[in-house]
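Text of protein05.cif, listed as mmCIF, C-alpha atoms (C1' of nucleotides):
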data_query
#
loop_
_atom_site.label_atom_id
_atom_site.label_comp_id
_atom_site.auth_asym_id
_atom_site.auth_seq_id
_atom_site.Cartn_x
_atom_site.Cartn_y
_atom_site.Cartn_z
CA MET A 17 0.00 0.00 0.00
CA ALA A 18 2.28 2.67 -1.31
CA ARG A 19 1.18 6.19 -0.50
CA ILE A 20 1.33 9.13 -2.83
CA LYS A 21 4.72 10.65 -2.26
CA THR A 22 4.77 14.30 -1.33
CA GLU A 23 7.47 16.84 -0.74
CA LYS A 24 7.44 19.81 1.56
CA ASN A 25 4.49 22.18 0.99
CA VAL A 26 3.01 19.92 -1.65
CA SER A 27 -0.22 18.24 -0.67
CA ARG A 28 -1.30 14.94 -2.17
CA LYS A 29 -4.03 16.84 -3.92
CA ASP A 30 -1.39 19.02 -5.56
CA VAL A 31 0.36 15.92 -6.83
CA ILE A 32 -2.90 14.71 -8.35
CA VAL A 33 -3.68 18.05 -9.95
CA THR A 34 -0.23 18.22 -11.48
CA LYS A 35 -0.44 14.74 -12.94
CA ALA A 36 -3.93 15.52 -14.17
CA ALA A 37 -2.60 18.49 -16.11
CA ILE A 38 -0.10 16.27 -17.90
CA LEU A 39 -2.73 13.70 -18.71
CA PHE A 40 -5.38 16.18 -19.81
CA ARG A 41 -2.87 17.75 -22.16
CA GLU A 42 -1.81 14.45 -23.64
CA LYS A 43 -5.21 12.91 -24.16
CA GLY A 44 -7.71 15.69 -23.67
CA PHE A 45 -10.01 15.99 -20.68
CA LYS A 46 -12.70 13.63 -21.93
CA ALA A 47 -10.33 10.95 -23.16
CA ALA A 48 -8.25 10.90 -19.99
CA SER A 49 -9.82 8.53 -17.49
CA MET A 50 -9.62 8.53 -13.74
CA ARG A 51 -8.04 5.11 -14.01
CA ASP A 52 -5.33 6.59 -16.25
CA LEU A 53 -4.78 9.30 -13.71
CA ALA A 54 -4.67 6.82 -10.86
CA GLU A 55 -1.99 4.83 -12.64
CA ALA A 56 0.06 7.97 -13.24
CA VAL A 57 -0.19 8.79 -9.56
CA GLY A 58 0.55 5.21 -8.53
CA VAL A 59 -2.68 4.39 -6.79
CA GLU A 60 -6.11 2.86 -7.43
CA ALA A 61 -8.76 5.05 -9.04
CA ALA A 62 -11.07 5.05 -6.05
CA SER A 63 -8.28 6.30 -3.80
CA LEU A 64 -8.13 9.57 -5.66
CA TYR A 65 -11.48 10.48 -4.16
CA ASN A 66 -9.93 10.77 -0.71
CA HIS A 67 -8.31 13.94 -2.04
CA ILE A 68 -10.59 15.37 -4.69
CA LYS A 69 -14.32 15.75 -5.12
CA SER A 70 -14.59 14.94 -8.81
CA LYS A 71 -12.85 14.84 -12.15
CA THR A 72 -14.26 18.23 -13.10
CA GLU A 73 -12.88 19.74 -9.92
CA LEU A 74 -9.44 19.02 -11.33
CA LEU A 75 -10.32 20.99 -14.43
CA HIS A 76 -11.66 23.90 -12.35
CA GLU A 77 -8.49 24.10 -10.35
CA LEU A 78 -6.30 24.10 -13.43
CA CYS A 79 -8.34 26.60 -15.41
CA PHE A 80 -8.80 29.11 -12.64
CA SER A 81 -5.29 28.99 -11.27
CA VAL A 82 -4.04 29.87 -14.75
CA ALA A 83 -6.68 32.54 -15.30
CA ASN A 84 -5.85 34.16 -11.98
CA ARG A 85 -2.17 34.38 -12.78
CA PHE A 86 -2.93 36.24 -15.99
CA LEU A 87 -5.39 38.57 -14.33
CA HIS A 88 -2.89 39.50 -11.65
CA LYS A 89 -0.25 40.16 -14.25
CA ILE A 90 -2.41 42.47 -16.33
CA ASP A 91 -3.35 44.36 -13.15
CA GLU A 92 0.33 44.89 -12.52
CA ILE A 93 1.19 45.93 -16.06
CA GLU A 94 -1.70 48.34 -16.46
CA ALA A 95 -0.43 50.24 -13.44
CA GLU A 96 3.11 50.69 -14.74
CA PRO A 97 4.18 54.08 -16.14
CA ILE A 98 5.36 52.80 -19.52
CA ASN A 99 4.05 53.24 -23.05
CA SER A 100 1.64 50.94 -24.82
CA ILE A 101 4.12 49.01 -26.90
CA GLU A 102 6.13 48.26 -23.78
CA LYS A 103 3.01 47.08 -22.03
CA VAL A 104 2.12 44.78 -24.90
CA GLU A 105 5.65 43.45 -24.96
CA LYS A 106 5.65 42.78 -21.22
CA LEU A 107 2.34 40.99 -21.43
CA LEU A 108 3.51 38.91 -24.36
CA ARG A 109 6.70 37.95 -22.59
CA PHE A 110 4.67 36.86 -19.61
CA HIS A 111 2.42 34.75 -21.81
CA ILE A 112 5.38 33.19 -23.55
CA ASN A 113 7.10 32.34 -20.29
CA GLU A 114 3.96 30.89 -18.78
CA MET A 115 3.53 28.75 -21.87
CA ILE A 116 7.13 27.60 -21.67
CA ASN A 117 7.35 26.98 -17.94
CA HIS A 118 3.83 25.96 -17.01
CA TYR A 119 3.06 24.29 -20.29
CA GLU A 120 0.68 21.59 -19.14
CA GLU A 121 -1.56 23.78 -17.03
CA VAL A 122 -1.70 26.66 -19.47
CA TYR A 123 -2.37 24.38 -22.39
CA VAL A 124 -5.18 22.58 -20.60
CA SER A 125 -6.73 25.83 -19.46
CA ASP A 126 -6.57 27.06 -23.05
CA ARG A 127 -7.99 24.03 -24.82
CA GLU A 128 -10.14 22.14 -22.37
CA TRP A 129 -12.14 24.85 -20.61
CA LYS A 130 -15.12 23.93 -22.78
CA HIS A 131 -15.64 20.91 -20.57
CA LEU A 132 -16.19 23.01 -17.48
CA ALA A 133 -19.75 22.92 -16.21
CA ASP A 134 -21.77 25.92 -15.17
CA PRO A 135 -21.39 28.05 -13.13
CA TYR A 136 -17.65 27.61 -13.66
CA LEU A 137 -18.01 27.71 -17.42
CA SER A 138 -19.74 31.10 -17.59
CA ASN A 139 -17.40 32.39 -14.97
CA PHE A 140 -14.34 31.36 -16.90
CA GLN A 141 -15.70 32.72 -20.17
CA ASN A 142 -16.40 36.03 -18.47
CA GLN A 143 -12.91 36.34 -17.06
CA ARG A 144 -11.50 35.51 -20.44
CA ARG A 145 -13.67 38.08 -22.20
CA ILE A 146 -12.69 40.76 -19.71
CA TYR A 147 -9.02 39.93 -19.97
CA ARG A 148 -9.09 40.25 -23.73
CA LYS A 149 -10.91 43.56 -23.54
CA ARG A 150 -8.27 44.93 -21.22
CA PHE A 151 -5.55 43.70 -23.55
CA ALA A 152 -7.35 45.31 -26.48
CA ALA A 153 -7.66 48.55 -24.54
CA ILE A 154 -3.88 48.72 -24.18
CA ILE A 155 -3.53 48.32 -27.93
CA GLU A 156 -6.20 50.92 -28.64
CA ASN A 157 -4.31 53.34 -26.47
CA GLY A 158 -1.22 52.67 -28.51
CA ILE A 159 -3.14 53.36 -31.70
CA ARG A 160 -4.36 56.69 -30.37
CA ASN A 161 -0.76 57.62 -29.46
CA LYS A 162 0.33 56.59 -32.92
CA GLU A 163 2.74 54.07 -31.41
CA ILE A 164 0.77 51.29 -33.04
CA LYS A 165 -0.57 50.83 -36.59
CA LYS A 166 -4.24 51.48 -37.23
CA ILE A 167 -5.56 47.96 -36.84
CA ASP A 168 -8.52 46.30 -35.23
CA ALA A 169 -7.44 45.84 -31.64
CA PRO A 170 -9.53 42.74 -30.84
CA THR A 171 -8.12 41.06 -33.93
CA ALA A 172 -4.61 41.90 -32.82
CA VAL A 173 -5.30 40.38 -29.40
CA LEU A 174 -6.68 37.26 -30.99
CA ILE A 175 -3.56 36.90 -33.13
CA MET A 176 -1.19 37.42 -30.23
CA LEU A 177 -2.87 35.01 -27.86
CA HIS A 178 -3.28 32.25 -30.36
CA ALA A 179 0.19 32.70 -31.78
CA ILE A 180 1.54 32.12 -28.30
CA SER A 181 -0.48 28.99 -27.80
CA GLY A 182 1.52 27.69 -30.77
CA ILE A 183 4.39 27.16 -28.36
CA GLU A 184 2.70 23.84 -27.95
CA SER A 185 4.28 22.83 -31.27
CA TRP A 186 7.64 24.02 -30.05
CA HIS A 187 7.33 21.77 -27.01
CA ARG A 188 6.45 18.82 -29.17
CA SER A 189 9.20 19.39 -31.73
CA THR A 190 12.41 17.42 -31.50
CA GLN A 191 14.79 20.10 -32.71
CA LYS A 192 13.93 22.94 -30.42
CA ILE A 193 15.62 26.30 -30.51
CA SER A 194 16.33 27.58 -27.00
CA ALA A 195 13.52 29.05 -24.93
CA GLU A 196 15.27 32.43 -25.00
CA ALA A 197 15.59 32.39 -28.78
CA LEU A 198 11.96 31.37 -29.09
CA GLU A 199 10.89 34.28 -26.92
CA GLU A 200 12.95 36.82 -28.88
CA ASN A 201 11.72 35.54 -32.23
CA MET A 202 8.13 35.70 -31.16
CA ILE A 203 8.49 39.21 -29.82
CA THR A 204 10.27 40.33 -32.98
CA ILE A 205 7.52 39.09 -35.23
CA LEU A 206 4.52 39.94 -33.11
CA VAL A 207 5.59 43.35 -31.82
CA GLY A 208 7.18 44.10 -35.18
CA GLY A 209 3.79 43.62 -36.76
CA LEU A 210 2.23 46.22 -34.50
CA ILE A 211 4.72 49.08 -34.55
CA ASN A 212 3.78 52.06 -36.68
CA LYS A 213 6.49 52.41 -39.33
CA MET B 19 -39.50 6.62 -41.07
CA ALA B 20 -38.03 9.84 -42.38
CA ARG B 21 -34.94 9.43 -44.50
CA ILE B 22 -31.89 11.66 -44.42
CA LYS B 23 -32.59 14.43 -46.88
CA THR B 24 -30.05 14.90 -49.60
CA GLU B 25 -29.64 17.37 -52.43
CA LYS B 26 -28.05 16.80 -55.78
CA ASN B 27 -24.50 15.46 -55.65
CA VAL B 28 -24.59 15.15 -51.87
CA SER B 29 -24.60 11.62 -50.56
CA ARG B 30 -26.14 10.72 -47.24
CA LYS B 31 -22.64 10.04 -46.00
CA ASP B 32 -21.69 13.61 -46.90
CA VAL B 33 -24.57 14.87 -44.82
CA ILE B 34 -23.36 12.83 -41.87
CA VAL B 35 -19.77 13.97 -42.25
CA THR B 36 -20.84 17.60 -42.39
CA LYS B 37 -22.97 17.32 -39.28
CA ALA B 38 -20.16 15.44 -37.57
CA ALA B 39 -17.81 18.35 -38.21
CA ILE B 40 -20.20 20.73 -36.49
CA LEU B 41 -20.62 18.42 -33.55
CA PHE B 42 -16.95 17.59 -33.17
CA ARG B 43 -16.14 21.27 -33.15
CA GLU B 44 -18.77 22.08 -30.55
CA LYS B 45 -18.09 19.27 -28.11
CA GLY B 46 -14.80 17.75 -29.17
CA PHE B 47 -14.45 14.35 -30.80
CA LYS B 48 -14.54 12.29 -27.63
CA ALA B 49 -17.41 14.15 -26.04
CA ALA B 50 -19.60 14.03 -29.13
CA SER B 51 -21.52 10.78 -29.16
CA MET B 52 -22.95 8.86 -32.07
CA ARG B 53 -26.36 9.37 -30.49
CA ASP B 54 -25.79 13.13 -30.56
CA LEU B 55 -24.81 12.88 -34.19
CA ALA B 56 -27.82 10.73 -35.00
CA GLU B 57 -30.11 13.31 -33.45
CA ALA B 58 -28.47 16.08 -35.45
CA VAL B 59 -28.99 14.09 -38.61
CA GLY B 60 -32.55 13.15 -37.66
CA VAL B 61 -32.17 9.41 -37.40
CA GLU B 62 -31.43 6.65 -34.89
CA ALA B 63 -27.78 6.02 -33.97
CA ALA B 64 -27.66 2.55 -35.46
CA SER B 65 -28.88 3.85 -38.81
CA LEU B 66 -25.72 5.84 -39.27
CA TYR B 67 -23.86 2.59 -39.76
CA ASN B 68 -25.62 2.01 -43.06
CA HIS B 69 -23.46 4.85 -44.38
CA ILE B 70 -20.26 4.90 -42.38
CA LYS B 71 -17.90 2.29 -40.97
CA SER B 72 -17.10 3.89 -37.63
CA LYS B 73 -16.91 7.09 -35.66
CA THR B 74 -13.19 7.37 -36.34
CA GLU B 75 -13.80 7.11 -40.06
CA LEU B 76 -15.62 10.43 -39.78
CA LEU B 77 -12.53 11.97 -38.23
CA HIS B 78 -10.27 10.51 -40.95
CA GLU B 79 -12.42 11.98 -43.66
CA LEU B 80 -12.45 15.41 -42.08
CA CYS B 81 -8.75 15.56 -41.26
CA PHE B 82 -7.49 14.32 -44.59
CA SER B 83 -9.83 16.33 -46.77
CA VAL B 84 -8.55 19.46 -45.06
CA ALA B 85 -4.92 18.37 -45.19
CA ASN B 86 -5.21 17.63 -48.90
CA ARG B 87 -6.61 21.04 -49.69
CA PHE B 88 -3.64 22.70 -48.01
CA LEU B 89 -1.13 20.45 -49.71
CA HIS B 90 -2.58 21.20 -53.13
CA LYS B 91 -2.50 24.91 -52.43
CA ILE B 92 1.13 24.94 -51.37
CA ASP B 93 2.02 22.95 -54.51
CA GLU B 94 0.36 25.65 -56.54
CA ILE B 95 1.97 28.56 -54.73
CA GLU B 96 5.48 27.14 -54.75
CA ALA B 97 5.31 26.97 -58.53
CA GLU B 98 4.32 30.60 -59.01
CA PRO B 99 6.95 33.12 -60.17
CA ILE B 100 6.52 35.58 -57.31
CA ASN B 101 8.75 36.61 -54.42
CA SER B 102 8.75 35.06 -50.97
CA ILE B 103 6.68 37.66 -49.20
CA GLU B 104 4.01 37.33 -51.83
CA LYS B 105 4.03 33.58 -51.43
CA VAL B 106 3.66 33.86 -47.70
CA GLU B 107 0.84 36.33 -48.14
CA LYS B 108 -0.98 34.10 -50.59
CA LEU B 109 -0.66 31.12 -48.32
CA LEU B 110 -1.89 33.11 -45.34
CA ARG B 111 -4.86 34.41 -47.25
CA PHE B 112 -5.74 30.87 -48.22
CA HIS B 113 -5.50 29.75 -44.60
CA ILE B 114 -7.63 32.65 -43.46
CA ASN B 115 -10.31 31.98 -46.04
CA GLU B 116 -10.38 28.28 -45.30
CA MET B 117 -10.80 29.08 -41.64
CA ILE B 118 -13.60 31.52 -42.40
CA ASN B 119 -15.49 29.48 -44.97
CA HIS B 120 -14.84 25.90 -43.87
CA TYR B 121 -14.63 26.68 -40.22
CA GLU B 122 -15.96 23.44 -38.77
CA GLU B 123 -13.83 21.09 -40.81
CA VAL B 124 -10.64 23.07 -40.49
CA TYR B 125 -11.08 23.54 -36.79
CA VAL B 126 -11.71 19.85 -36.20
CA SER B 127 -8.74 18.86 -38.32
CA ASP B 128 -6.61 21.28 -36.34
CA ARG B 129 -7.68 20.35 -32.84
CA GLU B 130 -8.94 16.81 -32.88
CA TRP B 131 -6.40 14.95 -35.02
CA LYS B 132 -4.87 13.55 -31.84
CA HIS B 133 -7.77 11.12 -31.69
CA LEU B 134 -6.89 9.53 -34.99
CA ALA B 135 -5.61 5.98 -34.69
CA ASP B 136 -2.58 4.59 -36.45
CA PRO B 137 -1.80 4.36 -39.30
CA TYR B 138 -3.85 7.49 -39.94
CA LEU B 139 -2.28 9.28 -37.03
CA SER B 140 1.32 8.91 -38.16
CA ASN B 141 0.27 9.67 -41.67
CA PHE B 142 -1.43 12.88 -40.69
CA GLN B 143 1.46 13.96 -38.50
CA ASN B 144 3.84 13.36 -41.37
CA GLN B 145 1.84 15.42 -43.81
CA ARG B 146 1.63 18.19 -41.27
CA ARG B 147 5.36 18.13 -40.61
CA ILE B 148 6.15 18.22 -44.31
CA TYR B 149 3.73 21.05 -44.92
CA ARG B 150 5.31 23.14 -42.22
CA LYS B 151 8.79 22.49 -43.56
CA ARG B 152 7.75 23.65 -47.00
CA PHE B 153 6.20 26.76 -45.47
CA ALA B 154 9.39 27.37 -43.51
CA ALA B 155 11.45 26.91 -46.68
CA ILE B 156 9.54 29.74 -48.34
CA ILE B 157 10.35 31.99 -45.40
CA GLU B 158 14.00 30.96 -45.37
CA ASN B 159 14.22 31.88 -49.01
CA GLY B 160 12.82 35.28 -48.16
CA ILE B 161 15.44 35.71 -45.45
CA ARG B 162 18.23 34.88 -47.87
CA ASN B 163 16.83 37.48 -50.31
CA LYS B 164 16.68 39.98 -47.48
CA GLU B 165 12.96 40.38 -48.07
CA ILE B 166 12.30 39.00 -44.63
CA LYS B 167 13.83 39.77 -41.23
CA LYS B 168 16.41 37.41 -39.82
CA ILE B 169 14.16 35.23 -37.75
CA ASP B 170 13.80 31.55 -37.01
CA ALA B 171 11.62 30.29 -39.87
CA PRO B 172 9.97 27.38 -38.03
CA THR B 173 8.99 29.77 -35.26
CA ALA B 174 7.49 32.14 -37.78
CA VAL B 175 5.46 29.32 -39.29
CA LEU B 176 4.24 28.28 -35.90
CA ILE B 177 3.13 31.82 -35.14
CA MET B 178 1.35 32.24 -38.46
CA LEU B 179 -0.54 28.99 -38.33
CA HIS B 180 -1.65 29.31 -34.77
CA ALA B 181 -2.56 32.96 -35.15
CA ILE B 182 -4.91 31.95 -37.92
CA SER B 183 -6.55 29.26 -35.86
CA GLY B 184 -7.53 32.15 -33.61
CA ILE B 185 -10.25 32.94 -36.12
CA GLU B 186 -12.17 30.49 -34.01
CA SER B 187 -12.61 33.31 -31.47
CA TRP B 188 -13.80 35.61 -34.23
CA HIS B 189 -16.47 33.10 -35.17
CA ARG B 190 -17.60 32.83 -31.61
CA SER B 191 -17.65 36.55 -30.92
CA THR B 192 -20.91 38.44 -31.11
CA GLN B 193 -19.59 41.69 -32.50
CA LYS B 194 -17.67 40.51 -35.52
CA ILE B 195 -15.85 42.79 -37.88
CA SER B 196 -16.41 41.73 -41.49
CA ALA B 197 -14.55 38.78 -42.94
CA GLU B 198 -12.73 41.08 -45.34
CA ALA B 199 -11.63 43.41 -42.56
CA LEU B 200 -10.48 40.42 -40.53
CA GLU B 201 -8.38 39.16 -43.40
CA GLU B 202 -6.75 42.52 -44.03
CA ASN B 203 -5.99 43.07 -40.36
CA MET B 204 -4.41 39.68 -40.02
CA ILE B 205 -2.28 40.16 -43.09
CA THR B 206 -1.19 43.60 -41.93
CA ILE B 207 -0.02 42.35 -38.59
CA LEU B 208 1.45 39.02 -39.62
CA VAL B 209 3.16 40.05 -42.85
CA GLY B 210 4.10 43.37 -41.27
CA GLY B 211 5.99 41.44 -38.61
CA LEU B 212 8.06 39.63 -41.23
CA ILE B 213 9.09 42.38 -43.63
CA ASN B 214 12.65 43.59 -43.34
CA LYS B 215 12.41 47.30 -42.53
"C1'" DA C 23 0.50 0.75 23.60
"C1'" DA C 24 -3.98 2.43 22.41
"C1'" DT C 25 -6.41 5.67 19.62
"C1'" DC C 26 -7.83 8.23 15.78
"C1'" DG C 27 -7.81 10.48 11.60
"C1'" DT C 28 -5.83 9.70 7.08
"C1'" DT C 29 -5.14 7.20 2.99
"C1'" DG C 30 -5.13 3.24 0.71
"C1'" DC C 31 -7.67 -1.08 -1.00
"C1'" DT C 32 -11.49 -4.18 -3.31
"C1'" DA C 33 -15.97 -4.56 -5.09
"C1'" DA C 34 -19.53 -2.84 -7.27
"C1'" DC C 35 -23.10 0.30 -9.20
"C1'" DA C 36 -25.40 2.85 -12.68
"C1'" DC C 37 -24.86 4.71 -16.86
"C1'" DA C 38 -23.26 6.10 -21.48
"C1'" DC C 39 -20.77 4.63 -25.18
"C1'" DG C 40 -19.69 2.47 -30.02
"C1'" DT C 41 -21.35 -1.01 -32.50
"C1'" DT C 42 -23.88 -5.41 -34.34
"C1'" DA C 43 -27.89 -8.39 -35.49
"C1'" DG C 44 -32.12 -8.90 -37.25
"C1'" DT C 45 -36.23 -6.88 -39.07
"C1'" DT C 46 -39.31 -3.64 -41.34
"C1'" DG C 47 -40.30 -0.25 -44.39
"C1'" DT C 48 -39.22 2.56 -48.67
"C1'" DT C 49 -37.28 3.49 -53.15
"C1'" DT C 50 -35.38 1.92 -57.50
"C1'" DT C 51 -35.02 -1.32 -61.05
"C1'" DA C 52 -36.57 -4.84 -64.32
"C1'" DT D 20 -46.13 -4.93 -60.31
"C1'" DA D 21 -42.77 -8.03 -58.45
"C1'" DA D 22 -38.00 -8.18 -57.11
"C1'" DA D 23 -33.88 -6.24 -55.54
"C1'" DA D 24 -31.37 -2.78 -53.18
"C1'" DC D 25 -31.28 0.51 -49.87
"C1'" DA D 26 -31.99 2.78 -45.51
"C1'" DA D 27 -34.49 3.11 -41.59
"C1'" DC D 28 -35.99 0.80 -37.15
"C1'" DT D 29 -35.74 -1.85 -32.31
"C1'" DA D 30 -33.11 -4.44 -29.24
"C1'" DA D 31 -29.20 -5.58 -27.21
"C1'" DC D 32 -24.22 -6.59 -26.26
"C1'" DG D 33 -19.86 -5.71 -24.25
"C1'" DT D 34 -16.91 -2.38 -22.52
"C1'" DG D 35 -15.28 1.61 -20.19
"C1'" DT D 36 -16.63 5.40 -17.37
"C1'" DG D 37 -17.06 8.35 -12.90
"C1'" DT D 38 -18.10 7.48 -8.50
"C1'" DT D 39 -19.63 5.31 -3.83
"C1'" DA D 40 -19.57 2.02 0.10
"C1'" DG D 41 -17.22 -0.45 3.26
"C1'" DC D 42 -13.13 -2.08 5.07
"C1'" DA D 43 -7.93 -2.50 6.09
"C1'" DA D 44 -3.46 -0.60 6.87
"C1'" DC D 45 -0.65 3.22 7.95
"C1'" DG D 46 1.20 7.53 10.57
"C1'" DA D 47 0.89 10.69 14.15
"C1'" DT D 48 -0.70 11.86 18.86
"C1'" DT D 49 -1.67 10.86 23.44
#
Rewritten as structure tokens:
Amino acid sequence: MARIKTEKNVSRKDVIVTKAAILFREKGFKAASMRDLAEAVGVEAASLYNHIKSKTELLHELCFSVANRFLHKIDEIEAEPINSIEKVEKLLRFHINEMINHYEEVYVSDREWKHLADPYLSNFQNQRRIYRKRFAAIIENGIRNKEIKKIDAPTAVLIMLHAISGIESWHRSTQKISAEALEENMITILVGGLINK
Amino acid sequence: MARIKTEKNVSRKDVIVTKAAILFREKGFKAASMRDLAEAVGVEAASLYNHIKSKTELLHELCFSVANRFLHKIDEIEAEPINSIEKVEKLLRFHINEMINHYEEVYVSDREWKHLADPYLSNFQNQRRIYRKRFAAIIENGIRNKEIKKIDAPTAVLIMLHAISGIESWHRSTQKISAEALEENMITILVGGLINK
DNA sequence: AATCGTTGCTAACACACGTTAGTTGTTTTA
DNA sequence: TAAAACAACTAACGTGTGTTAGCAACGATT
């Protein structure tokens, strides 16, 4: 009867959530079974329920922990006394780093949130909508200041966010350029596409 | 006993495949059940099997019909006597229009191919890898000609392709800009980010 | 050493799934 | 109009799913 191994400040639930992220990314939320997860954790499926309430709870935890990180970051950046392009660049760099360093979680939050159930679903969609509006507002400011080309701000946001989620392919690829090079290339192309002249 | 309605040159199987695309996009391949599909088609689940071999066959059809369209297009564009930036632009415009006009299929092919089974899976992954290499080769040519900034070509491809899959959000949004405006904005930002000076 | 909460186990339930068999009804062909 | 081909139906099977109940072993606390 081997227990779930934990380290300092990491609850057994945390271990489960972390493994769930990996599994949900690999197979998708629906295709990943609790028995799969149990095996990954090293325990029988039923035992998981000593630590979690349900499979969907795992998805909640993942989606909202990611969403909260991004909301906090945009709070921080909005308050800084820098110009719009710099704000966009900071936000992009944060997104890129999150996608590189917390790949599994961020990916799952991005692709599997559809399987949330209400009220979590509406909640998540709301947060997402608000986040994108705030991002768009930064860009619109930049357009007014003539820092940024005259483009449709929501479209620009959509491009940026989805482009970044492409880091998934980078993770999967065998011949990776370094994380630093990836970041610089992405910034060059994406910010380069915004700057006026 | 109401039959599946068909129009000229549209087999009953085609009707099923089309409805499957819609359903797979909405719920994901795993979460969409054959009973859901049957209801959408207006028939009992078992009846579907008079026209198709399996659920996965539906996914094959969708994924490969999309993949083939893109492969044909890149064949065509590679052969044209135009410079690299123009080739990239043409390819992007094709991607954008496919995503706008054949949304369901393209989206499913993009997001649900993981659920293909071998040998289809390996096959699909191969085609995808080759396509991206050919796309990258166009960009690398542009870099050599100094048309395009010195960037990592595979990263650029990754950004372009994923940015375009963001049109999903445009489809979902309530206040859409026009398809034409969307296309022009995307080209402005994406191609603008590539051009050297 | 006894106790108690925690965490694991086995067994099982109820249900939804993809799919098959066999039959009935409808359309097309001869 | 009878026969053949097609496409729908009902019923059911086997399997995999998330989850619960009840019990056994472990670790920490007294």
Q) If the PyMOL selection byres ((chain A) within 12 of (chain C)) is run on the structure shown, which residues does it catch, given as a PyMOL selection string? A) chain A and resi 17-21+28-29+58-67
Could you take the residues named above and write them with C-alpha atoms, as a PDB file, keeping the file's coordinate frame?
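The new file result-v4.pdb reads:
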ATOM      1  CA  MET A  17       0.000   0.000   0.000  1.00  0.00           C
ATOM      2  CA  ALA A  18       2.280   2.670  -1.310  1.00  0.00           C
ATOM      3  CA  ARG A  19       1.180   6.190  -0.500  1.00  0.00           C
ATOM      4  CA  ILE A  20       1.330   9.130  -2.830  1.00  0.00           C
ATOM      5  CA  LYS A  21       4.720  10.650  -2.260  1.00  0.00           C
ATOM      6  CA  ARG A  28      -1.300  14.940  -2.170  1.00  0.00           C
ATOM      7  CA  LYS A  29      -4.030  16.840  -3.920  1.00  0.00           C
ATOM      8  CA  GLY A  58       0.550   5.210  -8.530  1.00  0.00           C
ATOM      9  CA  VAL A  59      -2.680   4.390  -6.790  1.00  0.00           C
ATOM     10  CA  GLU A  60      -6.110   2.860  -7.430  1.00  0.00           C
ATOM     11  CA  ALA A  61      -8.760   5.050  -9.040  1.00  0.00           C
ATOM     12  CA  ALA A  62     -11.070   5.050  -6.050  1.00  0.00           C
ATOM     13  CA  SER A  63      -8.280   6.300  -3.800  1.00  0.00           C
ATOM     14  CA  LEU A  64      -8.130   9.570  -5.660  1.00  0.00           C
ATOM     15  CA  TYR A  65     -11.480  10.480  -4.160  1.00  0.00           C
ATOM     16  CA  ASN A  66      -9.930  10.770  -0.710  1.00  0.00           C
ATOM     17  CA  HIS A  67      -8.310  13.940  -2.040  1.00  0.00           C
TER      18      HIS A  67
END
(Q) As a check of understanding, name the residues that the PyMOL selection byres ((chain B) within 6 of (chain A)) selects in the supplied structure, as a list in words. (A) Leu176, Ile177, His180, Ala181, Gly184, Ile207, Leu208, Gly210 and Gly211 of chain B
Write out, as a PDB file, in the frame of the given file, the residues just selected, with C-alpha atoms.
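Result went into again.pdb, see below:
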ATOM      1  CA  LEU B 176       4.240  28.280 -35.900  1.00  0.00           C
ATOM      2  CA  ILE B 177       3.130  31.820 -35.140  1.00  0.00           C
ATOM      3  CA  HIS B 180      -1.650  29.310 -34.770  1.00  0.00           C
ATOM      4  CA  ALA B 181      -2.560  32.960 -35.150  1.00  0.00           C
ATOM      5  CA  GLY B 184      -7.530  32.150 -33.610  1.00  0.00           C
ATOM      6  CA  ILE B 207      -0.020  42.350 -38.590  1.00  0.00           C
ATOM      7  CA  LEU B 208       1.450  39.020 -39.620  1.00  0.00           C
ATOM      8  CA  GLY B 210       4.100  43.370 -41.270  1.00  0.00           C
ATOM      9  CA  GLY B 211       5.990  41.440 -38.610  1.00  0.00           C
TER      10      GLY B 211
END
Q: State, in Å with one decimal place, the distance from atom CA of Phe142 of chain B to atom CA of Val124 of chain B.
A: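 Going from atom CA of Phe142 of chain B over to atom CA of Val124 of chain B covers 13.7 Å.
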Q | Residues of chain D within 12 Å of chain B, all atoms listed in the file counted, as a list in words | A | DC25, DA26, DA27, DC28, DT29, DA30 and DA31 of chain D
Please save C-alpha atoms (C1' of nucleotides) of the selected residues as an mmCIF file, keeping the file's coordinate frame.
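Now in out-v4.cif:
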data_model
loop_
_atom_site.group_PDB
_atom_site.id
_atom_site.type_symbol
_atom_site.label_atom_id
_atom_site.label_comp_id
_atom_site.auth_asym_id
_atom_site.auth_seq_id
_atom_site.Cartn_x
_atom_site.Cartn_y
_atom_site.Cartn_z
ATOM 1 C "C1'" DC D 25 -31.280 0.510 -49.870
ATOM 2 C "C1'" DA D 26 -31.990 2.780 -45.510
ATOM 3 C "C1'" DA D 27 -34.490 3.110 -41.590
ATOM 4 C "C1'" DC D 28 -35.990 0.800 -37.150
ATOM 5 C "C1'" DT D 29 -35.740 -1.850 -32.310
ATOM 6 C "C1'" DA D 30 -33.110 -4.440 -29.240
ATOM 7 C "C1'" DA D 31 -29.200 -5.580 -27.210
#
Q.
If I take atom CA of Leu137 of chain A and atom CA of Ile93 of chain A, how far is one from the other in Å, to one decimal?
A.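 Distance between the two atoms: 26.5 Å.
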Q: For atom CA of Ala95 of chain A and atom CA of Ser125 of chain A, quote the distance in Å rounded to one decimal.
A: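 Result for atom CA of Ala95 of chain A versus atom CA of Ser125 of chain A: 25.9 Å, one decimal.
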Q. Exactly which residues make up the result of the PyMOL selection byres ((chain D and resi 36) around 10) on this file, given as a list in words?
A. Ser49, Met50 and Arg51 of chain A; DC37, DA38 and DC39 of chain C; DT34, DG35, DG37 and DT38 of chain D
Saving segment 185-189 of chain B with C-alpha atoms, as a compact mmCIF listing (two decimals), in the first residue's frame, what would that file be?
# COMPACT_ATOMS: atom_id res chain seq x y z
CA ILE B 185 -10.25 32.94 -36.12
CA GLU B 186 -12.17 30.49 -34.01
CA SER B 187 -12.61 33.31 -31.47
CA TRP B 188 -13.80 35.61 -34.23
CA HIS B 189 -16.47 33.10 -35.17
